[in-house]
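Text of structure06.txt (compact mmCIF, C-alpha atoms) as supplied:
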```txt
# COMPACT_ATOMS: atom_id res chain seq x y z
CA MET A 1 85.49 115.53 78.74
CA ALA A 2 88.58 115.22 80.92
CA ARG A 3 90.01 111.76 81.35
CA VAL A 4 93.08 109.90 82.62
CA LEU A 5 94.77 106.72 81.45
CA ALA A 6 94.69 103.80 83.89
CA ILE A 7 96.99 100.79 83.39
CA ASP A 8 96.93 97.47 85.26
CA ILE A 9 99.89 95.13 84.72
CA GLY A 10 99.99 91.52 85.86
CA GLY A 11 101.78 88.36 84.94
CA THR A 12 98.93 87.06 82.78
CA LYS A 13 97.11 90.18 81.56
CA LEU A 14 97.72 93.81 80.60
CA ALA A 15 94.72 96.15 80.88
CA ALA A 16 94.21 99.83 80.15
CA ALA A 17 91.27 102.23 80.25
CA LEU A 18 90.35 105.85 79.82
CA VAL A 19 88.54 106.94 82.98
CA ASP A 20 86.67 110.15 83.72
CA GLU A 21 86.41 111.96 87.06
CA THR A 22 83.33 109.97 88.09
CA GLY A 23 85.15 106.66 87.59
CA SER A 24 83.34 105.75 84.38
CA MET A 25 85.50 103.76 81.96
CA LEU A 26 85.07 105.44 78.58
CA ARG A 27 87.19 102.94 76.67
CA SER A 28 89.16 99.88 77.75
CA ALA A 29 91.16 97.00 76.30
CA THR A 30 93.16 94.00 77.47
CA ARG A 31 95.71 91.61 76.03
CA PRO A 32 97.82 88.74 77.37
CA THR A 33 101.12 89.58 78.99
CA PRO A 34 103.93 88.25 76.76
CA ARG A 35 106.97 86.60 78.29
CA THR A 36 109.26 89.06 76.49
CA ASP A 37 108.86 92.50 74.91
CA VAL A 38 106.23 93.46 77.46
CA MET A 39 106.76 97.16 76.79
CA VAL A 40 106.03 96.65 73.08
CA ALA A 41 102.71 95.03 73.96
CA LEU A 42 101.93 97.74 76.50
CA ALA A 43 102.67 100.51 73.97
CA ALA A 44 100.28 98.88 71.50
CA LEU A 45 97.62 98.62 74.19
CA ILE A 46 97.99 102.29 75.11
CA GLU A 47 97.70 103.25 71.46
CA GLU A 48 94.55 101.14 71.13
CA VAL A 49 92.90 102.92 74.06
CA THR A 50 94.07 106.49 73.40
CA GLY A 51 94.87 106.59 69.68
CA ASP A 52 91.95 108.47 68.14
CA GLY A 53 90.52 110.47 71.03
CA PRO A 54 91.33 113.45 73.25
CA ALA A 55 94.58 113.01 75.14
CA PRO A 56 94.35 112.01 78.81
CA GLU A 57 95.67 114.37 81.49
CA ALA A 58 97.80 111.89 83.43
CA VAL A 59 98.62 108.19 83.77
CA GLY A 60 98.20 105.87 86.74
CA ILE A 61 99.82 102.43 86.79
CA GLY A 62 99.19 99.48 89.06
CA CYS A 63 101.82 96.77 88.65
CA ALA A 64 102.69 93.51 90.31
CA GLY A 65 105.72 93.86 92.56
CA PRO A 66 108.10 94.12 94.21
CA LEU A 67 108.65 97.71 93.12
CA ASP A 68 110.75 100.72 94.07
CA LEU A 69 108.73 103.91 94.02
CA ALA A 70 111.74 106.18 94.49
CA ALA A 71 113.33 104.83 91.32
CA GLY A 72 110.06 104.08 89.55
CA THR A 73 111.17 100.51 88.86
CA VAL A 74 109.35 97.18 89.04
CA SER A 75 110.50 93.56 89.37
CA PRO A 76 107.35 91.41 89.17
CA VAL A 77 108.02 87.89 90.37
CA ASN A 78 106.01 86.33 87.53
CA MET A 79 107.43 88.56 84.78
CA PRO A 80 111.06 87.41 84.46
CA SER A 81 111.91 89.83 81.64
CA TRP A 82 111.38 92.80 84.00
CA ARG A 83 113.96 93.11 86.76
CA GLY A 84 114.50 96.63 88.02
CA PHE A 85 112.58 97.77 84.94
CA PRO A 86 112.07 101.59 84.82
CA LEU A 87 108.35 101.34 84.13
CA ARG A 88 107.34 104.80 85.32
CA ASP A 89 109.94 106.55 83.14
CA GLU A 90 109.19 104.34 80.13
CA VAL A 91 105.47 105.13 80.26
CA ARG A 92 106.15 108.81 80.92
CA ALA A 93 108.42 108.95 77.86
CA LEU A 94 105.87 107.07 75.76
CA THR A 95 102.90 109.25 76.68
CA GLY A 96 104.51 112.58 77.60
CA LEU A 97 102.20 112.70 80.63
CA PRO A 98 102.62 112.88 84.42
CA THR A 99 102.76 109.26 85.57
CA MET A 100 102.05 107.68 88.97
CA LEU A 101 103.01 104.13 89.96
CA ALA A 102 101.79 101.84 92.75
CA GLY A 103 101.43 98.14 93.45
CA ASP A 104 98.53 96.28 91.87
CA ALA A 105 96.99 95.31 95.21
CA GLN A 106 97.37 98.89 96.45
CA CYS A 107 95.44 100.02 93.38
CA MET A 108 92.79 97.39 94.08
CA ALA A 109 92.36 98.81 97.58
CA LEU A 110 92.23 102.39 96.30
CA GLY A 111 89.71 101.45 93.62
CA GLU A 112 87.42 99.76 96.13
CA HIS A 113 87.71 102.78 98.43
CA TRP A 114 86.77 105.14 95.60
CA LEU A 115 84.01 103.22 93.85
CA GLY A 116 83.45 99.86 95.52
CA ALA A 117 82.82 98.09 98.80
CA GLY A 118 85.24 100.35 100.69
CA ARG A 119 83.49 103.64 99.98
CA GLY A 120 83.33 105.88 103.04
CA SER A 121 85.69 103.79 105.16
CA SER A 122 88.29 105.76 107.09
CA SER A 123 90.78 102.88 107.32
CA LEU A 124 90.64 100.21 104.62
CA LEU A 125 92.64 97.08 103.90
CA GLY A 126 92.19 95.58 100.45
CA ILE A 127 93.34 91.97 100.03
CA VAL A 128 93.83 90.04 96.81
CA VAL A 129 93.63 86.28 97.39
CA SER A 130 94.77 84.53 94.24
CA THR A 131 97.97 82.78 93.11
CA GLY A 132 99.61 84.86 95.83
CA ILE A 133 98.21 87.23 98.43
CA GLY A 134 98.61 90.98 98.03
CA GLY A 135 97.31 93.89 100.01
CA GLY A 136 96.94 97.63 100.15
CA LEU A 137 95.98 100.18 102.79
CA VAL A 138 93.96 103.36 102.32
CA ILE A 139 94.00 105.60 105.39
CA ASP A 140 91.80 108.71 105.48
CA GLY A 141 91.34 108.42 101.72
CA VAL A 142 95.08 108.29 100.97
CA PRO A 143 96.91 105.13 99.85
CA LEU A 144 99.66 104.15 102.29
CA LEU A 145 102.47 103.20 99.93
CA GLY A 146 105.55 103.22 102.17
CA PRO A 147 109.04 104.55 101.39
CA ASN A 148 109.65 102.03 98.61
CA GLY A 149 106.06 101.33 97.64
CA ASN A 150 105.67 98.01 99.42
CA ALA A 151 103.42 98.90 102.36
CA GLY A 152 100.45 96.61 102.88
CA HIS A 153 102.37 93.51 101.79
CA VAL A 154 100.15 91.44 104.08
CA GLY A 155 100.66 88.15 102.24
CA HIS A 156 104.04 87.87 103.93
CA MET A 157 102.97 88.73 107.45
CA THR A 158 103.95 85.88 109.78
CA ILE A 159 100.94 84.26 111.40
CA ASP A 160 102.94 81.36 112.86
CA PRO A 161 106.59 81.97 113.76
CA TYR A 162 107.09 78.20 114.08
CA GLY A 163 105.18 77.47 110.90
CA GLU A 164 106.10 76.20 107.47
CA ARG A 165 108.78 77.84 105.37
CA CYS A 166 107.29 80.19 102.77
CA GLU A 167 108.39 80.50 99.16
CA CYS A 168 109.69 83.99 100.01
CA GLY A 169 112.17 82.51 102.48
CA GLY A 170 110.25 83.54 105.57
CA ARG A 171 108.38 81.27 107.94
CA GLY A 172 104.68 81.07 108.67
CA CYS A 173 103.56 83.62 106.05
CA VAL A 174 99.83 83.83 105.47
CA GLU A 175 100.37 83.33 101.72
CA HIS A 176 101.79 79.88 102.37
CA TYR A 177 98.52 78.88 104.04
CA SER A 178 95.84 80.84 102.19
CA SER A 179 96.76 81.42 98.53
CA GLY A 180 95.03 79.34 95.88
CA PRO A 181 97.95 77.03 95.04
CA ASN A 182 98.75 76.50 98.72
CA LEU A 183 95.13 75.67 99.56
CA ALA A 184 95.26 72.98 96.87
CA ARG A 185 98.75 71.83 97.92
CA TRP A 186 97.64 71.20 101.50
CA ALA A 187 94.44 69.46 100.39
CA LEU A 188 96.33 67.11 98.08
CA ALA A 189 98.82 66.27 100.82
CA ASN A 190 95.90 65.37 103.08
CA GLY A 191 94.09 63.04 100.71
CA TRP A 192 91.96 65.25 98.48
CA THR A 193 91.18 63.96 95.00
CA PRO A 194 89.63 66.59 92.71
CA GLY A 195 86.08 65.80 91.65
CA ARG A 196 82.83 67.41 90.58
CA PRO A 197 80.17 67.10 93.28
CA ASP A 198 76.63 66.87 91.89
CA GLY A 199 74.71 70.08 91.46
CA LEU A 200 77.68 72.40 91.08
CA ASP A 201 77.46 73.04 87.35
CA ASP A 202 76.02 76.54 87.58
CA PRO A 203 78.10 79.69 86.91
CA ALA A 204 77.67 80.86 90.52
CA HIS A 205 80.42 78.46 91.48
CA ALA A 206 82.86 79.73 88.82
CA LEU A 207 85.88 81.28 90.47
CA ASP A 208 86.74 83.25 87.36
CA GLY A 209 83.20 84.30 86.45
CA THR A 210 83.01 82.14 83.32
CA ALA A 211 80.26 79.68 82.54
CA GLY A 212 80.02 76.42 84.43
CA ALA A 213 80.44 74.35 81.28
CA GLN A 214 83.71 76.09 80.51
CA ASN A 215 84.93 75.56 84.07
CA SER A 216 84.10 71.87 84.03
CA THR A 217 86.52 71.49 81.16
CA ALA A 218 89.14 73.67 82.84
CA SER A 219 89.17 71.94 86.20
CA GLY A 220 86.66 69.42 87.38
CA GLN A 221 86.38 66.88 84.60
CA ASN A 222 90.05 66.68 83.83
CA GLY A 223 90.92 66.44 87.53
CA ALA A 224 93.03 69.60 87.72
CA ALA A 225 94.03 70.12 91.33
CA ASP A 226 93.52 73.87 91.59
CA ALA A 227 91.68 76.22 93.94
CA ARG A 228 88.69 76.35 91.61
CA ALA A 229 88.18 72.59 91.82
CA LEU A 230 88.87 72.69 95.56
CA ALA A 231 86.15 75.30 96.07
CA ARG A 232 83.64 73.22 94.14
CA ASP A 233 84.42 70.18 96.24
CA ALA A 234 84.25 72.19 99.47
CA ALA A 235 80.84 73.53 98.44
CA GLY A 236 79.80 69.92 97.86
CA GLY A 237 80.90 68.89 101.33
CA ASP A 238 84.21 67.15 100.67
CA PRO A 239 85.72 67.10 104.19
CA VAL A 240 89.33 67.65 103.14
CA ALA A 241 88.38 70.53 100.82
CA VAL A 242 86.32 72.08 103.61
CA ALA A 243 89.24 71.69 106.02
CA ALA A 244 91.62 73.32 103.52
CA PHE A 245 89.45 76.43 103.30
CA GLU A 246 89.00 76.51 107.08
CA ARG A 247 92.78 76.35 107.52
CA GLY A 248 93.37 79.07 104.94
CA ALA A 249 90.60 81.25 106.37
CA ARG A 250 92.08 80.99 109.86
CA ALA A 251 95.43 82.23 108.58
CA LEU A 252 93.69 85.13 106.84
CA ALA A 253 91.83 85.89 110.06
CA GLY A 254 95.07 86.07 112.03
CA MET A 255 96.53 88.48 109.50
CA ILE A 256 93.38 90.66 109.42
CA ALA A 257 93.19 90.80 113.22
CA SER A 258 96.87 91.73 113.49
CA THR A 259 96.56 94.45 110.85
CA ALA A 260 93.39 95.78 112.49
CA ALA A 261 95.21 95.99 115.83
CA ALA A 262 98.10 97.88 114.22
CA VAL A 263 96.20 100.47 112.18
CA GLU A 264 92.60 100.30 113.54
CA LEU A 265 90.94 99.11 110.36
CA THR A 266 87.27 99.83 109.81
CA LYS A 267 86.81 97.79 106.61
CA VAL A 268 88.47 94.89 104.82
CA VAL A 269 87.62 94.18 101.17
CA ILE A 270 88.71 90.85 99.70
CA GLY A 271 89.10 90.24 95.98
CA GLY A 272 91.06 87.92 93.71
CA GLY A 273 90.10 84.61 92.15
CA VAL A 274 89.87 82.65 95.41
CA SER A 275 87.45 85.20 96.89
CA ALA A 276 84.90 84.12 94.27
CA ALA A 277 84.50 80.89 96.25
CA GLY A 278 81.98 82.92 98.28
CA PRO A 279 80.63 81.32 101.47
CA VAL A 280 83.18 78.50 101.20
CA LEU A 281 85.79 81.12 102.14
CA PHE A 282 83.84 83.87 103.88
CA ASP A 283 81.87 81.72 106.34
CA PRO A 284 84.93 80.07 107.96
CA LEU A 285 86.71 83.44 107.83
CA ALA A 286 83.92 85.04 109.88
CA ARG A 287 84.07 82.22 112.42
CA ALA A 288 87.85 82.42 112.68
CA LEU A 289 87.81 86.20 113.13
CA ASP A 290 85.24 85.84 115.88
CA ASP A 291 87.61 83.44 117.62
CA VAL A 292 90.97 85.21 117.19
CA ALA A 293 89.91 88.87 117.56
CA GLY A 294 89.70 90.12 121.12
CA LEU A 295 89.76 93.90 121.45
CA ALA A 296 86.48 95.63 120.66
CA PHE A 297 87.92 97.82 117.88
CA VAL A 298 89.47 94.75 116.24
CA ARG A 299 86.23 92.80 116.44
CA ALA A 300 84.38 95.76 114.92
CA VAL A 301 86.15 95.54 111.54
CA LYS A 302 83.79 94.66 108.67
CA VAL A 303 84.94 92.15 106.03
CA GLU A 304 83.27 92.16 102.62
CA PRO A 305 83.93 90.75 99.15
CA THR A 306 84.91 93.05 96.29
CA THR A 307 82.13 94.74 94.37
CA LEU A 308 84.36 95.90 91.50
CA GLY A 309 86.05 92.57 90.77
CA VAL A 310 88.72 92.81 88.09
CA ARG A 311 87.90 96.50 87.54
CA ALA A 312 89.21 97.48 90.98
CA GLY A 313 92.86 97.71 89.89
CA LEU A 314 92.07 99.99 86.95
CA ALA A 315 89.83 102.15 89.13
CA GLY A 316 92.64 102.57 91.67
CA ALA A 317 95.19 103.36 88.97
CA ALA A 318 92.80 105.99 87.62
CA LYS A 319 92.41 107.50 91.09
CA LEU A 320 96.20 107.73 91.35
CA ALA A 321 96.28 109.56 88.04
CA TRP A 322 93.51 111.97 89.03
CA SER A 323 95.42 112.78 92.24
CA GLN A 324 98.56 113.50 90.18
CA SER A 325 96.59 115.60 87.70
CA ARG A 326 94.96 117.73 90.39
CA THR A 327 98.25 118.16 92.30
CA ALA A 328 100.00 119.32 89.11
CA ALA A 329 97.20 121.77 88.44
```

For this file, produce the structure as C-alpha cells.
Amino acid sequence: MARVLAIDIGGTKLAAALVDETGSMLRSATRPTPRTDVMVALAALIEEVTGDGPAPEAVGIGCAGPLDLAAGTVSPVNMPSWRGFPLRDEVRALTGLPTMLAGDAQCMALGEHWLGAGRGSSSLLGIVVSTGIGGGLVIDGVPLLGPNGNAGHVGHMTIDPYGERCECGGRGCVEHYSSGPNLARWALANGWTPGRPDGLDDPAHALDGTAGAQNSTASGQNGAADARALARDAAGGDPVAVAAFERGARALAGMIASTAAAVELTKVVIGGGVSAAGPVLFDPLARALDDVAGLAFVRAVKVEPTTLGVRAGLAGAAKLAWSQSRTAA
C-alpha cells in the first residue's frame, strides 16, 4: 500500500505518521521537543515510524514559523536552537525522499480541508487559537503559502491601529487580544482570580481533552492563571472571565470579517487549545461576527470548530506530501 510520511513540528511536541491516500494513519508516534538536538530526536522519531515497513513515497512537514520556503529554512519562535535551520534539506538528506514544507497552521487548514470540517469549501481559513494565533488559507483546494511561506499569518493582522503594542512589535494585533495567555493576562489585570466553579469537573470542559481530575490538578486547584482555568470560570459565570472571552472573540471576529472581505471566505475552521472552550468562545464569536460583518458575502461565512483536533496538522502535512508525490510522478 502506498504511503507518505507526515511530520508535525512544534515547540512542545514532535509528531510523525505514515498516511495512505485516503488519509488513514497507518502508524504514528510522538515525543517531546527537546530544547537542543531537535534533529536527533526527529531522526529517531522518523526511524520509529518508518523503520520496519515499506518506504514512503514522499515527506510533508508542517513546522512552526517563521519560515522561508525558498530556502527551506525555519526559525520557530519557541525553538531557540533553530534559527534559519535548513529543515527541508536535512529531512530530504535523512530520508532520500521528495520533501515539502509549510507552516503548521497552514497544514492544519489543509488537513481540515481534506478530511475535516472544511471539506468541500472553496475558500477556507483555518485558525489555530492557542499560545499564539496562527492561520492558513486553502483556495480552490490549494494552500496559499505566499512567496516566503508566511501567507495566512492572521494572528498579526491589526484589528485596532490605536490598540495595545503586540509582542511582535506591531500594534493592535489580534493575537494580543485573543491568544490563550493574553486572554488570561487581561482577565488578571481586571480582577480575575482563578477558581473552580461548581459542576465543572467533567472532561467536557478540558481544553486539552484530558480527564477533569487531571485538569483540576493542572489548573483549577493550584490557582494557575491560564486559559484553561479562565474557560472553566467563564463557563461558571465569572463576569471577568466571560468579559475576557467576549473581548477576545470580538478581536477574532474583526480579523475573520476582514479576511472574508479580502478573499471571500466560505468557511472558517478554528482549532487549537483555546477552541476547546466550546460555547464560551464560539457563542460570543457568533454575536460579534453578526455585529461587525456587513456585506452579505462576509456575513455568509460559516465558522466551525475543528473536527480533526491535533490530527489536522499531520493530515495537512500528508496532503502536501501526496501533492509532491503525484507531481513528481

Produce a table with one row for each residue of stretch 83-185 of chain A that has an atom at most 12 Å from any atom of stretch 243-249 of chain A, each row naming the nearest atom pair and its distance in Å at one decimal; use only C-alpha atoms; arrange rows by chain and rising residue number; format as a tab-separated table.
```
residue	atom	partner	partner_atom	distance
A:Val129	CA	A:Gly248	CA	10.4
A:Ile133	CA	A:Gly248	CA	11.5
A:Gly155	CA	A:Gly248	CA	12.0
A:Ile159	CA	A:Gly248	CA	11.2
A:Cys173	CA	A:Gly248	CA	11.2
A:Val174	CA	A:Gly248	CA	8.0
A:Glu175	CA	A:Gly248	CA	8.8
A:His176	CA	A:Gly248	CA	8.8
A:Tyr177	CA	A:Gly248	CA	5.2
A:Ser178	CA	A:Gly248	CA	4.1
A:Ser179	CA	A:Gly248	CA	7.6
A:Gly180	CA	A:Gly248	CA	9.2
A:Pro181	CA	A:Gly248	CA	11.1
A:Asn182	CA	A:Gly248	CA	8.6
A:Leu183	CA	A:Ala244	CA	5.8
A:Ala184	CA	A:Ala244	CA	7.6
A:Arg185	CA	A:Ala244	CA	9.2
```

Please tabulate, as JSON lines, the residues of stretch 96-117 of chain A that come within 8 Å of stretch 48-71 of chain A, each with its closest pair of atoms and the distance in Å to one decimal, counting only C-alpha atoms and ordering rows by chain, then residue number upward.
```
{"residue": "A:Leu97", "atom": "CA", "partner": "A:Ala58", "partner_atom": "CA", "distance": 5.3}
{"residue": "A:Pro98", "atom": "CA", "partner": "A:Ala58", "partner_atom": "CA", "distance": 5.0}
{"residue": "A:Thr99", "atom": "CA", "partner": "A:Val59", "partner_atom": "CA", "distance": 4.6}
{"residue": "A:Met100", "atom": "CA", "partner": "A:Gly60", "partner_atom": "CA", "distance": 4.8}
{"residue": "A:Leu101", "atom": "CA", "partner": "A:Ile61", "partner_atom": "CA", "distance": 4.8}
{"residue": "A:Ala102", "atom": "CA", "partner": "A:Gly62", "partner_atom": "CA", "distance": 5.1}
{"residue": "A:Gly103", "atom": "CA", "partner": "A:Cys63", "partner_atom": "CA", "distance": 5.0}
{"residue": "A:Asp104", "atom": "CA", "partner": "A:Gly62", "partner_atom": "CA", "distance": 4.3}
{"residue": "A:Ala105", "atom": "CA", "partner": "A:Ala64", "partner_atom": "CA", "distance": 7.7}
{"residue": "A:Gln106", "atom": "CA", "partner": "A:Gly62", "partner_atom": "CA", "distance": 7.6}
{"residue": "A:Cys107", "atom": "CA", "partner": "A:Gly62", "partner_atom": "CA", "distance": 5.7}
```

With a distance cut-off of 8 Å and only C-alpha atoms, select the neighbouring residues of A:Gly272, excluding the residue or stretch itself and same-chain residues fewer than 5 positions from it, and output the selection as a PyMOL selection string.
chain A and resi 127-130+309-310

Dump as a short mmCIF file (atom, residue, chain, number, x, y, z; two decimals), in the frame of the given file, selection limited to C-alpha atoms:
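Output (result27.cif):
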```cif
data_model
loop_
_atom_site.label_atom_id
_atom_site.label_comp_id
_atom_site.auth_asym_id
_atom_site.auth_seq_id
_atom_site.Cartn_x
_atom_site.Cartn_y
_atom_site.Cartn_z
CA ILE A 127 93.34 91.97 100.03
CA VAL A 128 93.83 90.04 96.81
CA VAL A 129 93.63 86.28 97.39
CA SER A 130 94.77 84.53 94.24
CA GLY A 309 86.05 92.57 90.77
CA VAL A 310 88.72 92.81 88.09
#
```

Work out how far atom CA of A:Gly169 is from atom CA of A:Asp37, in Å to one decimal.
29.5 Å

A:Val40: which residues within 12 Å, counting only C-alpha atoms, same-chain residues fewer than 4 positions away excluded, as a ChimeraX atom specification?
/A:14,31,33-36,44-47,90-91,94

Atom-to-atom span, atom CA of A:Ala253 and atom CA of A:Pro76, Å:
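So the answer is 26.6 Å.
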
Pick from A:Ala261, A:Gly72, A:Ser323, A:Leu110: nearest to A:Gly84, with all atoms listed in the file counted?
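Of A:Ala261, A:Gly72, A:Ser323, A:Leu110, the one nearest A:Gly84, counting all atoms listed in the file, is A:Gly72.
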
Please complete stretch 262-285 of chain A so it has N, CA and C atoms, and hand it over as a PDB file, in the coordinates of the input.
```pdb
ATOM      1  N   ALA A 262      97.009  96.937 114.485  1.00  0.00           N
ATOM      2  CA  ALA A 262      98.100  97.880 114.220  1.00  0.00           C
ATOM      3  C   ALA A 262      97.607  99.219 113.697  1.00  0.00           C
ATOM      4  N   VAL A 263      96.597  99.214 112.836  1.00  0.00           N
ATOM      5  CA  VAL A 263      96.200 100.470 112.180  1.00  0.00           C
ATOM      6  C   VAL A 263      94.729 100.820 112.382  1.00  0.00           C
ATOM      7  N   GLU A 264      94.016 100.066 113.250  1.00  0.00           N
ATOM      8  CA  GLU A 264      92.600 100.300 113.540  1.00  0.00           C
ATOM      9  C   GLU A 264      91.763 100.341 112.253  1.00  0.00           C
ATOM     10  N   LEU A 265      91.747  99.228 111.573  1.00  0.00           N
ATOM     11  CA  LEU A 265      90.940  99.110 110.360  1.00  0.00           C
ATOM     12  C   LEU A 265      89.455  99.254 110.673  1.00  0.00           C
ATOM     13  N   THR A 266      88.717  99.830 109.726  1.00  0.00           N
ATOM     14  CA  THR A 266      87.270  99.830 109.810  1.00  0.00           C
ATOM     15  C   THR A 266      86.640  98.903 108.772  1.00  0.00           C
ATOM     16  N   LYS A 267      87.369  98.608 107.688  1.00  0.00           N
ATOM     17  CA  LYS A 267      86.810  97.790 106.610  1.00  0.00           C
ATOM     18  C   LYS A 267      87.921  96.986 105.959  1.00  0.00           C
ATOM     19  N   VAL A 268      87.602  95.745 105.614  1.00  0.00           N
ATOM     20  CA  VAL A 268      88.470  94.890 104.820  1.00  0.00           C
ATOM     21  C   VAL A 268      87.672  94.447 103.596  1.00  0.00           C
ATOM     22  N   VAL A 269      88.243  94.619 102.407  1.00  0.00           N
ATOM     23  CA  VAL A 269      87.620  94.180 101.170  1.00  0.00           C
ATOM     24  C   VAL A 269      88.523  93.116 100.545  1.00  0.00           C
ATOM     25  N   ILE A 270      87.937  91.965 100.230  1.00  0.00           N
ATOM     26  CA  ILE A 270      88.710  90.850  99.700  1.00  0.00           C
ATOM     27  C   ILE A 270      88.311  90.566  98.263  1.00  0.00           C
ATOM     28  N   GLY A 271      89.299  90.572  97.370  1.00  0.00           N
ATOM     29  CA  GLY A 271      89.100  90.240  95.980  1.00  0.00           C
ATOM     30  C   GLY A 271      90.062  89.154  95.546  1.00  0.00           C
ATOM     31  N   GLY A 272      90.214  88.979  94.241  1.00  0.00           N
ATOM     32  CA  GLY A 272      91.060  87.920  93.710  1.00  0.00           C
ATOM     33  C   GLY A 272      90.256  86.667  93.420  1.00  0.00           C
ATOM     34  N   GLY A 273      90.824  85.784  92.611  1.00  0.00           N
ATOM     35  CA  GLY A 273      90.100  84.610  92.150  1.00  0.00           C
ATOM     36  C   GLY A 273      89.555  83.737  93.260  1.00  0.00           C
ATOM     37  N   VAL A 274      90.316  83.533  94.339  1.00  0.00           N
ATOM     38  CA  VAL A 274      89.870  82.650  95.410  1.00  0.00           C
ATOM     39  C   VAL A 274      88.678  83.249  96.147  1.00  0.00           C
ATOM     40  N   SER A 275      88.568  84.566  96.192  1.00  0.00           N
ATOM     41  CA  SER A 275      87.450  85.200  96.890  1.00  0.00           C
ATOM     42  C   SER A 275      86.112  84.858  96.247  1.00  0.00           C
ATOM     43  N   ALA A 276      86.141  84.481  94.956  1.00  0.00           N
ATOM     44  CA  ALA A 276      84.900  84.120  94.270  1.00  0.00           C
ATOM     45  C   ALA A 276      84.344  82.788  94.748  1.00  0.00           C
ATOM     46  N   ALA A 277      85.051  82.088  95.638  1.00  0.00           N
ATOM     47  CA  ALA A 277      84.500  80.890  96.250  1.00  0.00           C
ATOM     48  C   ALA A 277      83.310  81.211  97.143  1.00  0.00           C
ATOM     49  N   GLY A 278      83.149  82.486  97.522  1.00  0.00           N
ATOM     50  CA  GLY A 278      81.980  82.920  98.280  1.00  0.00           C
ATOM     51  C   GLY A 278      81.936  82.344  99.672  1.00  0.00           C
ATOM     52  N   PRO A 279      80.782  81.801 100.091  1.00  0.00           N
ATOM     53  CA  PRO A 279      80.630  81.320 101.470  1.00  0.00           C
ATOM     54  C   PRO A 279      81.653  80.260 101.866  1.00  0.00           C
ATOM     55  N   VAL A 280      82.165  79.503 100.898  1.00  0.00           N
ATOM     56  CA  VAL A 280      83.180  78.500 101.200  1.00  0.00           C
ATOM     57  C   VAL A 280      84.391  79.140 101.876  1.00  0.00           C
ATOM     58  N   LEU A 281      84.705  80.379 101.515  1.00  0.00           N
ATOM     59  CA  LEU A 281      85.790  81.120 102.140  1.00  0.00           C
ATOM     60  C   LEU A 281      85.288  82.044 103.244  1.00  0.00           C
ATOM     61  N   PHE A 282      84.238  82.796 102.963  1.00  0.00           N
ATOM     62  CA  PHE A 282      83.840  83.870 103.880  1.00  0.00           C
ATOM     63  C   PHE A 282      83.179  83.361 105.152  1.00  0.00           C
ATOM     64  N   ASP A 283      82.488  82.233 105.118  1.00  0.00           N
ATOM     65  CA  ASP A 283      81.870  81.720 106.340  1.00  0.00           C
ATOM     66  C   ASP A 283      82.920  81.257 107.357  1.00  0.00           C
ATOM     67  N   PRO A 284      83.896  80.425 106.971  1.00  0.00           N
ATOM     68  CA  PRO A 284      84.930  80.070 107.960  1.00  0.00           C
ATOM     69  C   PRO A 284      85.798  81.259 108.356  1.00  0.00           C
ATOM     70  N   LEU A 285      85.955  82.239 107.467  1.00  0.00           N
ATOM     71  CA  LEU A 285      86.710  83.440 107.830  1.00  0.00           C
ATOM     72  C   LEU A 285      86.009  84.203 108.935  1.00  0.00           C
TER      73      LEU A 285
END
```
